[in-house]
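S.K.: Handing over start38.pdb, PDB, C-alpha atoms, pLDDT in the B column.
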MODEL        1
ATOM      1  CA  MET A   5       5.132  -6.644 -19.483  1.00 39.00           C
ATOM      2  CA  LYS A   6       5.854  -3.386 -17.636  1.00 40.00           C
ATOM      3  CA  ARG A   7       9.187  -4.766 -16.499  1.00 43.00           C
ATOM      4  CA  TRP A   8      10.364  -5.608 -20.018  1.00 41.00           C
ATOM      5  CA  PHE A   9       9.086  -2.355 -21.475  1.00 41.00           C
ATOM      6  CA  SER A  10      10.850  -0.413 -18.698  1.00 43.00           C
ATOM      7  CA  LEU A  11      14.093  -2.282 -19.312  1.00 44.00           C
ATOM      8  CA  LEU A  12      13.806  -1.582 -23.033  1.00 43.00           C
ATOM      9  CA  CYS A  13      13.284   2.112 -22.319  1.00 46.00           C
ATOM     10  CA  LEU A  14      16.321   2.249 -20.075  1.00 45.00           C
ATOM     11  CA  ALA A  15      18.483   0.249 -22.486  1.00 47.00           C
ATOM     12  CA  PHE A  16      17.815   2.644 -25.331  1.00 47.00           C
ATOM     13  CA  GLY A  17      17.840   5.806 -23.219  1.00 47.00           C
ATOM     14  CA  LEU A  18      14.286   6.651 -24.178  1.00 42.00           C
ATOM     15  CA  THR A  19      13.289   8.242 -20.872  1.00 42.00           C
ATOM     16  CA  ALA A  20      13.813  11.742 -22.251  1.00 42.00           C
ATOM     17  CA  SER A  21      11.687  11.087 -25.322  1.00 39.00           C
ATOM     18  CA  GLY A  22       8.416  10.151 -23.640  1.00 41.00           C
ATOM     19  CA  CYS A  23       9.156   6.610 -22.437  1.00 39.00           C
ATOM     20  CA  PHE A  24       8.258   6.404 -18.765  1.00 38.00           C
ATOM     21  CA  VAL A  25       9.245   3.800 -16.206  1.00 36.00           C
ATOM     22  CA  ASP A  26       6.440   2.800 -13.829  1.00 35.00           C
ATOM     23  CA  LEU A  27       7.809   2.218 -10.348  1.00 36.00           C
ATOM     24  CA  ASP A  28       4.625   1.115  -8.604  1.00 44.00           C
ATOM     25  CA  HIS A  29       6.609  -0.472  -5.829  1.00 44.00           C
ATOM     26  CA  PRO A  30      10.200  -0.364  -4.670  1.00 47.00           C
ATOM     27  CA  GLY A  31      12.549  -2.985  -6.014  1.00 49.00           C
ATOM     28  CA  HIS A  32      12.062  -5.026  -9.143  1.00 51.00           C
ATOM     29  CA  TYR A  33       9.190  -7.003 -10.627  1.00 55.00           C
ATOM     30  CA  TYR A  34       9.765 -10.727 -10.591  1.00 60.00           C
ATOM     31  CA  ASP A  35       7.617 -13.470 -12.045  1.00 65.00           C
ATOM     32  CA  ASP A  36       7.190 -15.018  -8.601  1.00 76.00           C
ATOM     33  CA  ASP A  37       6.060 -11.786  -6.901  1.00 87.00           C
ATOM     34  CA  SER A  38       3.067 -12.151  -4.634  1.00 92.00           C
ATOM     35  CA  ILE A  39       0.310  -9.567  -4.377  1.00 94.00           C
ATOM     36  CA  LEU A  40      -0.699  -8.280  -0.955  1.00 96.00           C
ATOM     37  CA  THR A  41      -3.938  -6.311  -1.143  1.00 97.00           C
ATOM     38  CA  VAL A  42      -4.577  -3.959   1.766  1.00 97.00           C
ATOM     39  CA  GLU A  43      -8.150  -2.703   2.123  1.00 97.00           C
ATOM     40  CA  TRP A  44      -9.666  -0.448   4.763  1.00 98.00           C
ATOM     41  CA  ARG A  45     -13.030   0.883   5.854  1.00 97.00           C
ATOM     42  CA  VAL A  46     -14.031   3.920   7.879  1.00 97.00           C
ATOM     43  CA  ASP A  47     -16.492   2.906  10.572  1.00 95.00           C
ATOM     44  CA  GLY A  48     -17.545  -0.116   8.505  1.00 96.00           C
ATOM     45  CA  SER A  49     -18.076   1.834   5.282  1.00 96.00           C
ATOM     46  CA  THR A  50     -16.307   2.340   1.953  1.00 97.00           C
ATOM     47  CA  ASN A  51     -18.360   5.437   1.174  1.00 97.00           C
ATOM     48  CA  PRO A  52     -15.996   8.341   0.363  1.00 96.00           C
ATOM     49  CA  ARG A  53     -18.208  10.629   2.459  1.00 96.00           C
ATOM     50  CA  GLU A  54     -16.998   8.788   5.560  1.00 96.00           C
ATOM     51  CA  CYS A  55     -13.434   9.888   4.796  1.00 96.00           C
ATOM     52  CA  ASP A  56     -14.587  13.488   4.431  1.00 95.00           C
ATOM     53  CA  ALA A  57     -16.735  13.383   7.578  1.00 95.00           C
ATOM     54  CA  SER A  58     -13.878  11.964   9.650  1.00 95.00           C
ATOM     55  CA  GLY A  59     -11.263  14.371   8.279  1.00 96.00           C
ATOM     56  CA  ALA A  60      -9.209  11.516   6.813  1.00 97.00           C
ATOM     57  CA  ARG A  61      -7.628  12.386   3.468  1.00 98.00           C
ATOM     58  CA  PHE A  62      -4.934   9.713   3.179  1.00 98.00           C
ATOM     59  CA  ALA A  63      -4.094   6.250   4.379  1.00 98.00           C
ATOM     60  CA  TYR A  64      -0.433   5.682   5.165  1.00 98.00           C
ATOM     61  CA  VAL A  65       0.243   1.982   4.582  1.00 98.00           C
ATOM     62  CA  ARG A  66       3.520   0.303   5.486  1.00 98.00           C
ATOM     63  CA  VAL A  67       4.454  -3.341   4.886  1.00 97.00           C
ATOM     64  CA  GLU A  68       7.099  -4.721   7.215  1.00 97.00           C
ATOM     65  CA  SER A  69       9.080  -7.906   7.626  1.00 97.00           C
ATOM     66  CA  ARG A  70      11.651  -9.001  10.141  1.00 96.00           C
ATOM     67  CA  TYR A  71      14.186  -7.198   7.929  1.00 96.00           C
ATOM     68  CA  GLY A  72      12.451  -3.810   8.245  1.00 97.00           C
ATOM     69  CA  VAL A  73      10.126  -1.744   6.054  1.00 97.00           C
ATOM     70  CA  GLU A  74       9.560  -3.528   2.738  1.00 96.00           C
ATOM     71  CA  ALA A  75       7.181  -1.017   1.124  1.00 96.00           C
ATOM     72  CA  GLU A  76       5.181   2.046   2.084  1.00 97.00           C
ATOM     73  CA  ARG A  77       2.910   4.593   0.488  1.00 97.00           C
ATOM     74  CA  GLU A  78       0.223   7.173   1.076  1.00 97.00           C
ATOM     75  CA  VAL A  79      -3.037   6.556  -0.734  1.00 97.00           C
ATOM     76  CA  PRO A  80      -6.135   8.757  -0.894  1.00 98.00           C
ATOM     77  CA  CYS A  81      -8.506   7.592   1.835  1.00 98.00           C
ATOM     78  CA  GLU A  82     -11.403   7.185  -0.603  1.00 97.00           C
ATOM     79  CA  ASP A  83      -9.454   4.571  -2.604  1.00 98.00           C
ATOM     80  CA  PHE A  84     -10.057   2.124   0.276  1.00 98.00           C
ATOM     81  CA  GLY A  85      -7.279  -0.165  -0.919  1.00 97.00           C
ATOM     82  CA  THR A  86      -3.870  -0.625  -2.498  1.00 97.00           C
ATOM     83  CA  ASP A  87      -1.757  -3.518  -3.782  1.00 96.00           C
ATOM     84  CA  PHE A  88       1.855  -4.338  -2.980  1.00 96.00           C
ATOM     85  CA  TYR A  89       4.005  -6.691  -5.087  1.00 95.00           C
ATOM     86  CA  LEU A  90       6.361  -8.572  -2.796  1.00 95.00           C
ATOM     87  CA  ALA A  91       8.586 -11.608  -2.838  1.00 94.00           C
ATOM     88  CA  PRO A  92       7.066 -14.552  -0.969  1.00 94.00           C
ATOM     89  CA  GLY A  93       7.706 -14.218   2.753  1.00 95.00           C
ATOM     90  CA  ARG A  94       6.290 -13.285   6.157  1.00 96.00           C
ATOM     91  CA  TYR A  95       4.862  -9.755   6.364  1.00 97.00           C
ATOM     92  CA  TRP A  96       2.614  -7.572   8.474  1.00 97.00           C
ATOM     93  CA  VAL A  97       0.914  -4.270   7.746  1.00 98.00           C
ATOM     94  CA  VAL A  98       0.827  -1.019   9.702  1.00 98.00           C
ATOM     95  CA  ILE A  99      -1.794   1.506   8.613  1.00 98.00           C
ATOM     96  CA  VAL A 100      -2.983   4.874   9.904  1.00 98.00           C
ATOM     97  CA  LEU A 101      -5.345   7.490   8.468  1.00 98.00           C
ATOM     98  CA  LEU A 102      -4.011  11.027   7.974  1.00 98.00           C
ATOM     99  CA  ASP A 103      -5.612  14.432   7.526  1.00 97.00           C
ATOM    100  CA  ARG A 104      -4.857  16.895   4.727  1.00 96.00           C
ATOM    101  CA  ARG A 105      -1.733  18.101   6.593  1.00 97.00           C
ATOM    102  CA  HIS A 106      -0.584  14.471   6.898  1.00 96.00           C
ATOM    103  CA  ASP A 107      -1.180  14.410  10.658  1.00 97.00           C
ATOM    104  CA  GLU A 108      -2.566  11.212  12.148  1.00 97.00           C
ATOM    105  CA  VAL A 109      -6.321  11.196  12.731  1.00 97.00           C
ATOM    106  CA  THR A 110      -6.552   7.574  13.906  1.00 97.00           C
ATOM    107  CA  GLU A 111      -4.574   5.203  16.021  1.00 96.00           C
ATOM    108  CA  SER A 112      -2.293   3.055  13.908  1.00 96.00           C
ATOM    109  CA  VAL A 113      -3.333  -0.541  13.315  1.00 96.00           C
ATOM    110  CA  GLU A 114      -0.789  -3.343  13.043  1.00 97.00           C
ATOM    111  CA  THR A 115      -1.845  -6.724  11.691  1.00 96.00           C
ATOM    112  CA  ASP A 116      -0.508 -10.086  12.753  1.00 96.00           C
ATOM    113  CA  PRO A 117       2.329 -11.472  10.624  1.00 96.00           C
ATOM    114  CA  ARG A 118       1.254 -13.760   7.791  1.00 95.00           C
ATOM    115  CA  TYR A 119       3.079 -15.763   5.179  1.00 96.00           C
ATOM    116  CA  LEU A 120       2.507 -14.402   1.680  1.00 95.00           C
ATOM    117  CA  ASP A 121       2.910 -16.757  -1.256  1.00 92.00           C
ATOM    118  CA  GLY A 122       0.838 -15.991  -4.340  1.00 89.00           C
ATOM    119  CA  GLY A 123      -1.719 -13.557  -3.057  1.00 90.00           C
ATOM    120  CA  ASP A 124      -3.473 -12.487   0.110  1.00 94.00           C
ATOM    121  CA  TYR A 125      -5.406  -9.558   1.477  1.00 92.00           C
ATOM    122  CA  VAL A 126      -5.680  -7.600   4.693  1.00 95.00           C
ATOM    123  CA  ASP A 127      -8.982  -5.956   5.608  1.00 96.00           C
ATOM    124  CA  ILE A 128      -8.889  -3.238   8.286  1.00 96.00           C
ATOM    125  CA  ASP A 129     -11.708  -1.191   9.781  1.00 97.00           C
ATOM    126  CA  PHE A 130     -11.260   2.138  11.541  1.00 96.00           C
ATOM    127  CA  PRO A 131     -14.267   2.350  13.892  1.00 95.00           C
ATOM    128  CA  ALA A 132     -15.410   5.707  15.247  1.00 93.00           C
ATOM    129  CA  ASP A 133     -13.577   5.161  18.542  1.00 94.00           C
ATOM    130  CA  SER A 134     -10.205   4.751  16.742  1.00 94.00           C
ATOM    131  CA  PHE A 135     -10.190   8.437  15.734  1.00 95.00           C
ATOM    132  CA  LEU A 136      -8.054  10.755  17.845  1.00 93.00           C
TER     133      LEU A 136
ENDMDL
END
Translate the structure of the given file into structure tokens.
M.R.:
Amino acid sequence: MKRWFSLLCLAFGLTASGCFVDLDHPGHYYDDDSILTVEWRVDGSTNPRECDASGARFAYVRVESRYGVEAEREVPCEDFGTDFYLAPGRYWVVIVLLDRRHDEVTESVETDPRYLDGGDYVDIDFPADSFL
């Protein structure tokens, strides 16, 4: 629905009159897009206080394929997850927690490649010993 509404907005030049295009992910929305959900925990917890206590303010999440970076974004740490809409294919995730100045506060974690077709999720924990 967003895709068609966005195309309608662009076709009629309505962006200046309050019609906004939602670009949640790079590229285009396709009916066969797969959803990759990336979730994380801080020392086994999804309590926002753990983010504050560790100094983590953001999670920098990057989805890669053999062709390079497919998608990336920074998400507030306390969200503990984000979704990416991707064409079916083989992907892996690289994630690191950042402080308020966007400096790394953990070691980066890279998952094993997996084939995405339909939907899948990645669950990553940042234990206390992963903090720098």
S.K.: Here is a test: counting only C-alpha atoms, which residue of A:Ser58, A:Leu90, A:Asp103, A:Val79 is nearest to A:Val46?
M.R.: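 Counting only C-alpha atoms, the residue closest to A:Val46 is A:Ser58.
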S.K.: Just checking: using all atoms listed in the file, which residue out of A:Gly85, A:Gly48, A:Pro117, A:Gly122 ends up closest to A:Ala63?
M.R.: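 Distance minimum relative to A:Ala63 lands on A:Gly85.
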S.K.: Report the distance between atom CA of A:Leu101 and atom CA of A:Thr115 in Å, rounded to one decimal place.
M.R.: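 Straight-line distance from atom CA of A:Leu101 to atom CA of A:Thr115 works out to 15.0 Å.
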S.K.: Pick from A:Phe62, A:Tyr125, A:Tyr89, A:Trp96: nearest to A:Val42, with only C-alpha atoms counted?
M.R.: A:Tyr125
S.K.: What's the 7 Å shell around A:Arg45, counting all atoms listed in the file, without same-chain residues fewer than 6 positions away, as a list in words?
M.R.: Phe84, Ile128, Asp129 and Phe130 of chain A
S.K.: Suppose you want the space between atom CA of A:Glu74 and atom CA of A:Val113; what is it in Å?
M.R.: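 Straight-line distance from atom CA of A:Glu74 to atom CA of A:Val113 works out to 16.9 Å.
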S.K.: At a cut-off of 12 Å around the point (11.2, -1.6, 2.7) (file coordinates), what residues fall inside when counting only C-alpha atoms? I'd like the answer as a PyMOL selection string.
M.R.: chain A and resi 29-31+65-77+88-91+95-97
S.K.: Just write the chosen residues, C-alpha atoms, as a JSON list (two decimals), keeping the file's coordinate frame.
M.R.:
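Generated file (part-v8.json):
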[["chain", "number", "residue", "atom", "x", "y", "z"],
["A", 29, "HIS", "CA", 6.61, -0.47, -5.83],
["A", 30, "PRO", "CA", 10.20, -0.36, -4.67],
["A", 31, "GLY", "CA", 12.55, -2.98, -6.01],
["A", 65, "VAL", "CA", 0.24, 1.98, 4.58],
["A", 66, "ARG", "CA", 3.52, 0.30, 5.49],
["A", 67, "VAL", "CA", 4.45, -3.34, 4.89],
["A", 68, "GLU", "CA", 7.10, -4.72, 7.22],
["A", 69, "SER", "CA", 9.08, -7.91, 7.63],
["A", 70, "ARG", "CA", 11.65, -9.00, 10.14],
["A", 71, "TYR", "CA", 14.19, -7.20, 7.93],
["A", 72, "GLY", "CA", 12.45, -3.81, 8.24],
["A", 73, "VAL", "CA", 10.13, -1.74, 6.05],
["A", 74, "GLU", "CA", 9.56, -3.53, 2.74],
["A", 75, "ALA", "CA", 7.18, -1.02, 1.12],
["A", 76, "GLU", "CA", 5.18, 2.05, 2.08],
["A", 77, "ARG", "CA", 2.91, 4.59, 0.49],
["A", 88, "PHE", "CA", 1.86, -4.34, -2.98],
["A", 89, "TYR", "CA", 4.00, -6.69, -5.09],
["A", 90, "LEU", "CA", 6.36, -8.57, -2.80],
["A", 91, "ALA", "CA", 8.59, -11.61, -2.84],
["A", 95, "TYR", "CA", 4.86, -9.76, 6.36],
["A", 96, "TRP", "CA", 2.61, -7.57, 8.47],
["A", 97, "VAL", "CA", 0.91, -4.27, 7.75]]
S.K.: So which residues touch A:Pro52 within 10 Å, counting only C-alpha atoms, skipping near sequence neighbours fewer than 4 positions away, as a ChimeraX atom specification?
M.R.: /A:45-46,56-57,60-61,80-84
S.K.: Keeping C-alpha atoms for every residue in the selection just given, could you write it to a file as a compact mmCIF listing (two decimals), in the coordinates of the input?
M.R.:
# COMPACT_ATOMS: atom_id res chain seq x y z
CA ARG A 45 -13.03 0.88 5.85
CA VAL A 46 -14.03 3.92 7.88
CA ASP A 56 -14.59 13.49 4.43
CA ALA A 57 -16.74 13.38 7.58
CA ALA A 60 -9.21 11.52 6.81
CA ARG A 61 -7.63 12.39 3.47
CA PRO A 80 -6.14 8.76 -0.89
CA CYS A 81 -8.51 7.59 1.84
CA GLU A 82 -11.40 7.18 -0.60
CA ASP A 83 -9.45 4.57 -2.60
CA PHE A 84 -10.06 2.12 0.28
S.K.: For A:Arg118, which residue out of A:Asp47, A:Asp36, A:Asp87, A:Gly93 is the nearest one, using all atoms listed in the file?
M.R.: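 Of the candidates, the smallest distance to A:Arg118 is held by A:Gly93.
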S.K.: Apply the PyMOL selection byres ((chain A and resi 112) around 8) to the displayed file and report the matching residues as a VMD selection string.
M.R.: chain A and resid 98 to 101 110 to 111 113 to 114
